[in-house]
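start.cif follows (mmCIF, C-alpha atoms):
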```
data_structure
#
loop_
_atom_site.label_atom_id
_atom_site.label_comp_id
_atom_site.auth_asym_id
_atom_site.auth_seq_id
_atom_site.Cartn_x
_atom_site.Cartn_y
_atom_site.Cartn_z
CA MET N 1 -205.10 4.54 38.28
CA THR N 2 -207.50 6.08 35.82
CA THR N 3 -207.90 5.27 32.15
CA PRO N 4 -207.63 8.03 29.54
CA ALA N 5 -211.34 7.74 28.82
CA GLU N 6 -212.18 8.55 32.45
CA HIS N 7 -209.84 11.52 32.83
CA HIS N 8 -211.57 14.89 33.01
CA ASP N 9 -210.02 18.29 32.49
CA TRP N 10 -210.79 20.34 35.59
CA THR N 11 -208.85 23.41 34.45
CA GLU N 12 -211.89 25.67 34.21
CA ALA N 13 -213.54 24.43 37.41
CA GLY N 14 -213.65 26.43 40.64
CA PHE N 15 -211.10 25.98 43.40
CA ALA N 16 -213.12 23.74 45.70
CA THR N 17 -214.15 21.55 42.76
CA ARG N 18 -210.54 21.10 41.68
CA ALA N 19 -209.45 20.35 45.25
CA ILE N 20 -211.99 17.55 45.42
CA HIS N 21 -211.73 16.13 41.91
CA ALA N 22 -208.45 16.96 40.12
CA GLY N 23 -206.26 13.88 39.89
CA GLN N 24 -208.85 11.92 41.87
CA GLU N 25 -211.21 10.32 39.37
CA ALA N 26 -213.09 7.22 40.51
CA ASP N 27 -211.08 4.00 40.44
CA PRO N 28 -211.82 2.31 37.07
CA THR N 29 -211.76 -1.21 38.53
CA THR N 30 -214.02 -0.81 41.57
CA GLY N 31 -215.59 2.61 41.17
CA ALA N 32 -214.13 3.76 44.51
CA VAL N 33 -214.60 7.53 44.73
CA VAL N 34 -211.49 8.01 46.88
CA PRO N 35 -208.07 7.16 45.37
CA PRO N 36 -206.71 3.90 46.83
CA ILE N 37 -203.63 3.77 49.02
CA TYR N 38 -201.10 1.97 46.83
CA GLN N 39 -198.99 0.70 49.73
CA VAL N 40 -196.45 -0.88 47.45
CA SER N 41 -192.75 -0.51 46.71
CA THR N 42 -192.46 -2.17 43.30
CA TYR N 43 -194.61 -3.08 40.29
CA LYS N 44 -194.85 -6.07 37.95
CA GLN N 45 -193.53 -5.39 34.46
CA ASP N 46 -195.01 -6.88 31.30
CA GLY N 47 -191.63 -7.86 29.92
CA VAL N 48 -188.44 -5.92 30.52
CA GLY N 49 -189.31 -2.23 30.40
CA GLY N 50 -193.01 -2.96 29.95
CA LEU N 51 -194.30 -0.64 32.65
CA ARG N 52 -197.99 -0.36 33.49
CA GLY N 53 -198.83 3.32 33.63
CA GLY N 54 -195.15 4.21 33.95
CA TYR N 55 -194.75 2.75 37.44
CA GLU N 56 -191.70 0.66 38.33
CA TYR N 57 -190.57 1.67 41.85
CA SER N 58 -192.35 3.86 44.39
CA ARG N 59 -189.46 6.23 45.04
CA SER N 60 -189.76 7.25 41.39
CA ALA N 61 -193.56 7.29 41.28
CA ASN N 62 -196.57 5.90 43.13
CA PRO N 63 -200.22 6.20 42.00
CA THR N 64 -201.39 7.67 45.33
CA ARG N 65 -198.60 10.23 45.27
CA THR N 66 -199.37 11.00 41.62
CA ALA N 67 -202.98 11.79 42.57
CA LEU N 68 -201.78 14.23 45.23
CA GLU N 69 -199.22 15.83 42.92
CA ASP N 70 -201.80 16.31 40.18
CA ALA N 71 -204.27 17.83 42.64
CA LEU N 72 -201.69 20.22 44.09
CA ALA N 73 -200.64 21.36 40.63
CA SER N 74 -204.28 21.99 39.76
CA VAL N 75 -205.16 24.07 42.83
CA GLU N 76 -201.96 26.14 42.50
CA GLY N 77 -202.47 26.68 38.77
CA GLY N 78 -199.12 25.06 38.01
CA ALA N 79 -197.82 22.67 35.39
CA ARG N 80 -196.34 19.99 37.66
CA GLY N 81 -196.51 19.15 41.34
CA PHE N 82 -194.08 17.15 43.48
CA ALA N 83 -194.85 15.69 46.92
CA PHE N 84 -192.20 15.20 49.59
CA ALA N 85 -191.75 13.72 53.04
CA SER N 86 -191.65 17.18 54.66
CA GLY N 87 -191.72 20.86 53.79
CA LEU N 88 -187.98 21.16 54.33
CA ALA N 89 -187.36 18.17 52.05
CA ALA N 90 -189.34 20.01 49.38
CA GLU N 91 -187.31 23.20 49.93
CA ASP N 92 -183.99 21.35 49.90
CA THR N 93 -184.80 19.53 46.67
CA LEU N 94 -185.90 22.69 44.90
CA LEU N 95 -182.88 24.69 46.05
CA ARG N 96 -180.41 21.99 45.02
CA ALA N 97 -182.08 21.93 41.62
CA ALA N 98 -181.78 25.71 41.18
CA LEU N 99 -178.45 26.51 42.88
CA ARG N 100 -174.79 25.61 42.56
CA PRO N 101 -171.81 26.33 44.84
CA GLY N 102 -170.88 29.99 44.53
CA ASP N 103 -174.44 31.14 43.86
CA HIS N 104 -176.33 33.70 45.89
CA MET N 105 -179.94 33.96 47.03
CA VAL N 106 -182.12 36.64 48.61
CA ILE N 107 -184.30 35.67 51.57
CA PRO N 108 -186.70 37.48 53.93
CA ASP N 109 -185.21 39.07 57.05
CA ASP N 110 -187.90 37.30 59.08
CA ALA N 111 -187.77 33.92 57.33
CA TYR N 112 -189.09 30.75 58.95
CA GLY N 113 -186.43 29.39 61.28
CA GLY N 114 -186.26 25.99 59.60
CA SER N 115 -185.76 27.54 56.18
CA TYR N 116 -183.06 29.82 57.54
CA ARG N 117 -181.28 26.88 59.16
CA LEU N 118 -181.34 24.97 55.86
CA ILE N 119 -180.07 27.94 53.85
CA ALA N 120 -177.45 29.18 56.32
CA ARG N 121 -176.16 25.96 57.86
CA VAL N 122 -176.68 23.32 55.17
CA LEU N 123 -176.41 25.21 51.88
CA GLY N 124 -173.99 27.76 53.35
CA PRO N 125 -171.13 25.26 53.83
CA TRP N 126 -172.02 23.90 50.38
CA GLY N 127 -171.03 27.31 48.99
CA VAL N 128 -174.34 29.16 48.65
CA GLU N 129 -174.44 32.68 50.07
CA HIS N 130 -177.55 34.62 51.05
CA SER N 131 -178.69 38.15 51.85
CA ALA N 132 -181.57 38.68 54.29
CA VAL N 133 -183.63 41.79 53.52
CA ASP N 134 -187.04 43.28 54.20
CA LEU N 135 -188.91 42.01 51.16
CA ARG N 136 -191.56 44.70 51.61
CA ASP N 137 -188.89 47.25 50.66
CA LEU N 138 -188.59 46.81 46.91
CA ASP N 139 -185.55 49.09 46.71
CA ALA N 140 -183.80 46.87 49.27
CA VAL N 141 -184.69 43.76 47.24
CA THR N 142 -183.32 45.35 44.08
CA ALA N 143 -180.11 46.36 45.88
CA ALA N 144 -179.66 42.87 47.32
CA VAL N 145 -179.94 41.10 43.96
CA GLU N 146 -176.58 40.53 42.29
CA PRO N 147 -177.21 40.07 38.53
CA GLY N 148 -175.46 36.97 37.24
CA ARG N 149 -174.90 35.62 40.73
CA THR N 150 -178.28 35.74 42.47
CA LYS N 151 -180.08 32.62 41.27
CA VAL N 152 -183.03 32.41 43.69
CA VAL N 153 -185.21 35.04 45.33
CA TRP N 154 -187.06 33.37 48.20
CA VAL N 155 -190.34 34.91 49.36
CA GLU N 156 -192.52 34.04 52.31
CA THR N 157 -195.79 35.93 52.35
CA PRO N 158 -197.21 36.23 54.89
CA THR N 159 -193.99 35.63 56.81
CA ASN N 160 -193.57 33.43 59.85
CA PRO N 161 -194.08 34.64 62.54
CA LEU N 162 -194.25 38.41 61.93
CA LEU N 163 -196.84 38.16 59.13
CA GLY N 164 -195.26 40.60 56.73
CA VAL N 165 -196.84 40.68 53.27
CA SER N 166 -194.69 41.09 50.15
CA ASP N 167 -195.70 42.20 46.66
CA ILE N 168 -195.22 38.99 44.66
CA ALA N 169 -195.74 40.55 41.23
CA ALA N 170 -193.26 43.35 41.88
CA ILE N 171 -190.59 40.99 43.23
CA ALA N 172 -191.20 38.63 40.29
CA ALA N 173 -190.25 41.46 37.94
CA ILE N 174 -187.04 42.13 39.90
CA ALA N 175 -186.08 38.45 39.88
CA ARG N 176 -186.90 38.05 36.19
CA ALA N 177 -184.75 41.04 35.25
CA ALA N 178 -181.79 39.42 37.03
CA GLY N 179 -182.34 35.97 35.50
CA ALA N 180 -183.20 34.53 38.93
CA VAL N 181 -185.94 32.11 39.94
CA LEU N 182 -188.70 33.42 42.21
CA VAL N 183 -189.88 30.90 44.80
CA VAL N 184 -192.82 31.66 47.10
CA ASP N 185 -193.47 29.74 50.30
CA ASN N 186 -197.27 29.65 50.18
CA THR N 187 -197.75 27.64 53.37
CA PHE N 188 -199.42 30.37 55.45
CA ALA N 189 -201.69 31.65 52.69
CA THR N 190 -202.47 28.29 51.02
CA PRO N 191 -203.43 28.06 47.34
CA TYR N 192 -207.00 28.93 48.33
CA LEU N 193 -206.09 32.40 49.59
CA GLN N 194 -203.17 33.23 47.28
CA GLN N 195 -202.00 32.22 43.79
CA PRO N 196 -198.29 33.12 43.49
CA LEU N 197 -197.79 31.45 40.10
CA ALA N 198 -200.46 33.66 38.57
CA LEU N 199 -198.56 36.66 39.96
CA GLY N 200 -195.29 35.69 38.30
CA ALA N 201 -193.60 33.21 40.65
CA ASP N 202 -191.71 30.32 39.07
CA ALA N 203 -192.44 27.86 41.86
CA VAL N 204 -194.26 27.58 45.16
CA VAL N 205 -193.35 25.44 48.13
CA HIS N 206 -195.54 24.16 50.94
CA SER N 207 -195.27 22.43 54.21
CA THR N 208 -198.39 20.37 53.51
CA THR N 209 -198.17 19.37 57.17
CA LYS N 210 -199.95 22.63 57.84
CA TYR N 211 -203.16 23.87 56.20
CA VAL N 212 -203.21 21.51 53.21
CA GLY N 213 -203.18 18.43 55.45
CA GLY N 214 -205.10 20.42 58.02
CA HIS N 215 -205.54 17.85 60.80
CA SER N 216 -202.13 17.66 62.54
CA ASP N 217 -201.81 13.99 61.61
CA VAL N 218 -199.34 13.96 58.72
CA VAL N 219 -195.97 15.48 57.80
CA GLY N 220 -195.35 16.42 54.18
CA GLY N 221 -194.16 19.01 51.70
CA ALA N 222 -194.72 20.04 48.11
CA VAL N 223 -193.26 21.95 45.19
CA VAL N 224 -195.44 23.20 42.34
CA VAL N 225 -193.72 24.61 39.25
CA ALA N 226 -195.25 27.12 36.86
CA ASP N 227 -195.86 26.25 33.23
CA GLY N 228 -192.76 27.17 31.25
CA ALA N 229 -190.61 27.99 34.31
CA GLN N 230 -186.90 27.81 33.56
CA LEU N 231 -183.79 27.33 35.66
CA PRO N 232 -181.78 30.46 36.49
CA VAL N 233 -180.01 32.00 33.52
CA GLY N 234 -176.86 30.10 32.64
CA LEU N 235 -177.81 26.89 34.46
CA GLU N 236 -178.46 23.55 32.79
CA GLY N 237 -180.36 20.72 34.40
CA PRO N 238 -178.72 17.40 35.37
CA THR N 239 -180.24 15.67 32.34
CA GLY N 240 -179.72 18.62 30.00
CA GLY N 241 -182.25 21.29 29.17
CA THR N 242 -183.32 24.26 31.26
CA ALA N 243 -186.86 23.36 32.39
CA LEU N 244 -187.18 23.89 36.15
CA ALA N 245 -189.78 21.12 36.53
CA ASP N 246 -187.49 18.56 34.88
CA ALA N 247 -184.65 19.49 37.23
CA VAL N 248 -186.92 19.19 40.29
CA ALA N 249 -188.19 15.81 39.05
CA PHE N 250 -184.62 14.54 38.66
CA HIS N 251 -183.61 15.68 42.14
CA GLN N 252 -186.81 14.33 43.71
CA ASN N 253 -185.98 10.88 42.38
CA ALA N 254 -182.23 11.14 42.99
CA SER N 255 -182.54 12.39 46.58
CA GLY N 256 -185.58 10.29 47.38
CA ALA N 257 -187.24 12.29 50.17
CA VAL N 258 -190.68 11.50 48.74
CA ALA N 259 -194.08 11.31 50.40
CA GLY N 260 -195.12 7.78 51.27
CA PRO N 261 -198.45 6.44 49.97
CA PHE N 262 -200.35 6.73 53.24
CA ASP N 263 -199.01 10.23 53.93
CA ALA N 264 -199.95 11.25 50.39
CA TRP N 265 -203.45 9.85 50.92
CA LEU N 266 -203.92 11.72 54.21
CA THR N 267 -202.72 14.95 52.63
CA LEU N 268 -205.07 14.46 49.69
CA ARG N 269 -207.94 13.90 52.11
CA GLY N 270 -207.09 17.19 53.84
CA LEU N 271 -206.85 19.09 50.56
CA ARG N 272 -210.45 18.20 49.75
CA THR N 273 -211.78 20.40 52.57
CA LEU N 274 -209.20 23.19 52.35
CA ALA N 275 -211.60 25.82 51.01
CA VAL N 276 -214.25 25.47 53.71
CA ARG N 277 -211.65 25.19 56.46
CA MET N 278 -209.81 28.32 55.35
CA ASP N 279 -213.03 30.33 55.33
CA ARG N 280 -213.53 29.40 58.99
CA HIS N 281 -209.86 29.91 59.92
CA CYS N 282 -209.98 33.42 58.44
CA ALA N 283 -213.23 34.38 60.15
CA ASN N 284 -212.06 33.13 63.54
CA ALA N 285 -208.63 34.74 63.21
CA LEU N 286 -210.13 38.13 62.40
CA ALA N 287 -212.42 37.95 65.43
CA VAL N 288 -209.50 36.93 67.67
CA ALA N 289 -207.29 39.71 66.28
CA ARG N 290 -209.98 42.32 66.91
CA PHE N 291 -210.41 41.09 70.50
CA LEU N 292 -206.67 41.23 71.15
CA ALA N 293 -206.41 44.71 69.63
CA GLU N 294 -208.76 46.00 72.36
CA HIS N 295 -207.12 44.15 75.25
CA PRO N 296 -205.07 46.32 77.65
CA ALA N 297 -202.47 43.57 78.26
CA VAL N 298 -201.56 43.41 74.57
CA THR N 299 -199.10 45.98 73.23
CA GLU N 300 -199.36 45.08 69.52
CA VAL N 301 -201.44 42.78 67.32
CA ILE N 302 -200.06 41.62 64.00
CA TYR N 303 -202.68 40.38 61.52
CA PRO N 304 -202.98 41.38 57.84
CA GLY N 305 -206.75 41.56 58.15
CA LEU N 306 -206.57 44.51 60.53
CA GLU N 307 -206.41 47.99 59.05
CA SER N 308 -203.59 48.74 61.49
CA HIS N 309 -201.33 46.24 59.70
CA PRO N 310 -198.85 48.13 57.46
CA ASP N 311 -199.46 45.74 54.57
CA HIS N 312 -203.24 45.59 54.94
CA GLU N 313 -204.05 47.09 51.53
CA LEU N 314 -201.57 44.82 49.72
CA ALA N 315 -202.97 41.78 51.51
CA GLN N 316 -206.47 42.76 50.46
CA ARG N 317 -205.37 42.95 46.79
CA GLN N 318 -203.15 39.88 46.73
CA MET N 319 -205.07 37.46 48.94
CA ARG N 320 -208.62 36.16 49.07
CA GLY N 321 -208.54 36.32 52.89
CA SER N 322 -206.03 37.16 55.60
CA GLY N 323 -205.36 33.66 56.90
CA GLY N 324 -205.54 31.91 60.24
CA MET N 325 -202.29 33.09 61.84
CA VAL N 326 -202.22 35.88 64.41
CA ALA N 327 -199.23 37.21 66.35
CA PHE N 328 -199.28 39.58 69.29
CA ARG N 329 -196.83 41.15 71.75
CA THR N 330 -197.24 41.33 75.51
CA GLY N 331 -194.50 43.74 76.54
CA SER N 332 -192.30 41.17 78.25
CA ARG N 333 -190.98 37.66 77.82
CA GLU N 334 -192.42 36.66 81.19
CA LYS N 335 -195.93 37.75 80.24
CA ALA N 336 -195.70 35.93 76.89
CA LEU N 337 -194.69 32.70 78.63
CA GLU N 338 -197.46 33.15 81.18
CA VAL N 339 -200.09 33.52 78.46
CA CYS N 340 -198.82 30.39 76.71
CA ALA N 341 -198.95 28.45 79.97
CA ARG N 342 -202.44 29.60 80.97
CA ALA N 343 -204.19 28.86 77.67
CA LYS N 344 -206.53 25.88 77.74
CA VAL N 345 -208.46 25.74 74.45
CA PHE N 346 -205.33 26.87 72.62
CA THR N 347 -202.86 23.97 72.87
CA LEU N 348 -199.22 24.84 73.59
CA ALA N 349 -197.49 23.23 70.61
CA GLU N 350 -195.38 23.92 67.57
CA SER N 351 -196.67 23.68 63.98
CA LEU N 352 -199.86 25.29 62.70
CA GLY N 353 -202.73 24.96 60.27
CA GLY N 354 -204.70 22.18 61.95
CA VAL N 355 -208.37 22.34 62.86
CA GLU N 356 -207.38 22.84 66.50
CA SER N 357 -206.02 26.14 67.82
CA LEU N 358 -202.37 26.27 68.88
CA ILE N 359 -200.31 28.80 70.84
CA GLU N 360 -196.54 29.08 71.01
CA HIS N 361 -193.58 31.28 71.95
CA PRO N 362 -191.57 31.60 68.71
CA ALA N 363 -188.34 32.85 70.32
CA GLN N 364 -187.95 29.61 72.27
CA MET N 365 -189.87 27.20 70.04
CA THR N 366 -190.22 27.43 66.25
CA HIS N 367 -187.62 30.17 65.77
CA ALA N 368 -184.95 29.19 68.30
CA SER N 369 -182.61 28.46 65.38
CA VAL N 370 -182.40 32.18 64.50
CA ALA N 371 -181.57 33.35 68.04
CA GLY N 372 -178.62 35.74 67.94
CA SER N 373 -178.93 36.33 64.19
CA ALA N 374 -180.39 39.23 62.23
CA LEU N 375 -183.60 37.19 62.00
CA GLU N 376 -184.12 36.91 65.77
CA VAL N 377 -187.77 37.45 66.77
CA PRO N 378 -188.98 39.52 69.75
CA ASP N 379 -189.06 37.54 72.99
CA ASP N 380 -192.44 38.98 73.99
CA LEU N 381 -194.10 37.65 70.82
CA VAL N 382 -196.86 35.02 70.97
CA ARG N 383 -197.99 33.23 67.82
CA LEU N 384 -201.47 31.79 67.40
CA SER N 385 -202.67 29.27 64.87
CA VAL N 386 -206.38 29.97 65.09
CA GLY N 387 -208.41 26.83 64.51
CA ILE N 388 -212.01 26.24 63.56
CA GLU N 389 -213.54 25.86 67.03
CA ASP N 390 -216.41 28.09 68.20
CA VAL N 391 -214.87 31.53 68.19
CA ALA N 392 -216.51 32.53 71.47
CA ASP N 393 -214.54 29.79 73.21
CA LEU N 394 -211.29 30.99 71.63
CA VAL N 395 -211.86 34.58 72.70
CA ALA N 396 -212.81 33.54 76.23
CA ASP N 397 -209.70 31.38 76.53
CA LEU N 398 -207.40 34.22 75.48
CA GLY N 399 -209.22 36.53 77.87
CA GLN N 400 -208.53 34.33 80.87
CA ALA N 401 -204.95 33.67 79.72
CA LEU N 402 -204.26 37.40 79.54
CA ALA N 403 -206.03 38.27 82.78
#
```
Can you present the structure in this file as structure tokens?
Amino acid sequence: MTTPAEHHDWTEAGFATRAIHAGQEADPTTGAVVPPIYQVSTYKQDGVGGLRGGYEYSRSANPTRTALEDALASVEGGARGFAFASGLAAEDTLLRAALRPGDHMVIPDDAYGGSYRLIARVLGPWGVEHSAVDLRDLDAVTAAVEPGRTKVVWVETPTNPLLGVSDIAAIAAIARAAGAVLVVDNTFATPYLQQPLALGADAVVHSTTKYVGGHSDVVGGAVVVADGAQLPVGLEGPTGGTALADAVAFHQNASGAVAGPFDAWLTLRGLRTLAVRMDRHCANALAVARFLAEHPAVTEVIYPGLESHPDHELAQRQMRGSGGMVAFRTGSREKALEVCARAKVFTLAESLGGVESLIEHPAQMTHASVAGSALEVPDDLVRLSVGIEDVADLVADLGQALA
């Protein structure tokens, strides 16, 4: 906990400075420069209702989690941050806050498989309908929005695993005109490379398991809400009022899928080095993409940093860098599986965003839940999470895997 006298306003500081310092002032008792892990479930009260710093029970709030939530809000340029036990817990909480049975939402036609499963198979039976469209086609987005009924427009940019890039500002205008909330999954880009709230989004979500944590050792999720963001038109929060952040806070506490203190601490530790890691991820990914683009065994390379990518110019305007994810096609399912099996420096595993490079076959791994649907991914697609190893070793490994 910090005292008011020690709190510093980091609003005007640069990104890396905020990632290291926002919400993380030195402990006033010991001077510890890293926030302590408050591994505690309950807190002593000074008389009934006499809470110290507002803490009474760690599902409702915990000082370590508060530090992470404040830091995430700062780096995303948002008003309030909320930390969860997983990315899907964050998504579920936000969607239940912003939707009611009978509502409709617009999603990408190449959405992350886990998000699609949540929307189609959990919220669907609850009475929420969805339309999956190519979010790069603004006319299609406009046509899919049903004024008065569409309450959430859900954007992933870049998408997983096909790395499509959507125009956040343009879609924000479409959503706003319909009275809907615009949510951007910023997991692939991270707040270092992309600032959706500044472009008009009402909220961002993250699987902090990925780049924010950055070391493949913690599972977590986050929601950050823009200053002044409101619930969809016509909706009132569970405690009254229309503030989106208040509704998310209520549902976070009521549902309880919060980040534990140690997980929050690990995620906060990862956030501190996000800027330098992302610079290396981006540089390595671009080099890998260029190598693959020249390889005769590769039929297509998908990476926003290549001029061949259809959304290259938009990515250059909207993002600070093109990210660490690369996808490529091999022409056949058998060849894709062979490449995955032969890789040695690239580890065959799901997830992404860690310091180590990973390789996977989306059709059978991360996106198996969309098999047979309109969101099904090509079976010759290979997805790479390019880590921060020596890039020469990554290129050599892919070369021998493709040989």
Would you mind listing what lies within 6 Å of region 190-197 of chain N as number ranges by chain, with only C-alpha atoms counted and same-chain residues fewer than 3 positions away left out? N: 76, 186-187, 200-201, 226, 319-321
Write the residues of the preceding selection, restricted to C-alpha atoms, as a PDB file, keeping the file's coordinate frame.
```pdb
ATOM      1  CA  GLU N  76    -201.960  26.140  42.500  1.00  0.00           C
ATOM      2  CA  ASN N 186    -197.270  29.650  50.180  1.00  0.00           C
ATOM      3  CA  THR N 187    -197.750  27.640  53.370  1.00  0.00           C
ATOM      4  CA  GLY N 200    -195.290  35.690  38.300  1.00  0.00           C
ATOM      5  CA  ALA N 201    -193.600  33.210  40.650  1.00  0.00           C
ATOM      6  CA  ALA N 226    -195.250  27.120  36.860  1.00  0.00           C
ATOM      7  CA  MET N 319    -205.070  37.460  48.940  1.00  0.00           C
ATOM      8  CA  ARG N 320    -208.620  36.160  49.070  1.00  0.00           C
ATOM      9  CA  GLY N 321    -208.540  36.320  52.890  1.00  0.00           C
TER      10      GLY N 321
END
```
When you look at Phe82 (chain N) with a cut-off of 6 Å (counting all atoms listed in the file), what residues show up, excluding the ones that are within fewer than 3 positions of it in the same chain? I need them as JSON, numbers by chain. {"N": [69, 222, 223]}
Those selected residues, please, written with C-alpha atoms and delivered as a compact mmCIF listing (two decimals), in the coordinates of the input.
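Saved as again.txt:
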```
# COMPACT_ATOMS: atom_id res chain seq x y z
CA GLU N 69 -199.22 15.83 42.92
CA ALA N 222 -194.72 20.04 48.11
CA VAL N 223 -193.26 21.95 45.19
```
Expanded to explicit residues, what is the PyMOL selection byres ((chain N and resi 129) around 7) for this file, as a PDB file with C-alpha atoms, in the coordinates of the input?
```pdb
ATOM      1  CA  ASP N 103    -174.440  31.140  43.860  1.00  0.00           C
ATOM      2  CA  HIS N 104    -176.330  33.700  45.890  1.00  0.00           C
ATOM      3  CA  MET N 105    -179.940  33.960  47.030  1.00  0.00           C
ATOM      4  CA  GLY N 124    -173.990  27.760  53.350  1.00  0.00           C
ATOM      5  CA  GLY N 127    -171.030  27.310  48.990  1.00  0.00           C
ATOM      6  CA  VAL N 128    -174.340  29.160  48.650  1.00  0.00           C
ATOM      7  CA  HIS N 130    -177.550  34.620  51.050  1.00  0.00           C
TER       8      HIS N 130
END
```
Selection: 9 Å around Gln252 (chain N), all atoms listed in the file, excl. self and same-chain fewer than 2 positions, as a PyMOL selection string: chain N and resi 59-60+82-84+90+93-94+247-250+254-258
Identify all residues satisfying the PyMOL selection byres ((chain N and resi 376) around 10) in the given file; provide them as an MDAnalysis selection string. chainID N and resid 109:111 113 362:363 367:375 377:379
Nearby residues (only C-alpha atoms) at most 8 Å from Glu146 (chain N), same-chain spacing under 3 positions excluded, as a ChimeraX atom specification: /N:104,143,149-150,178
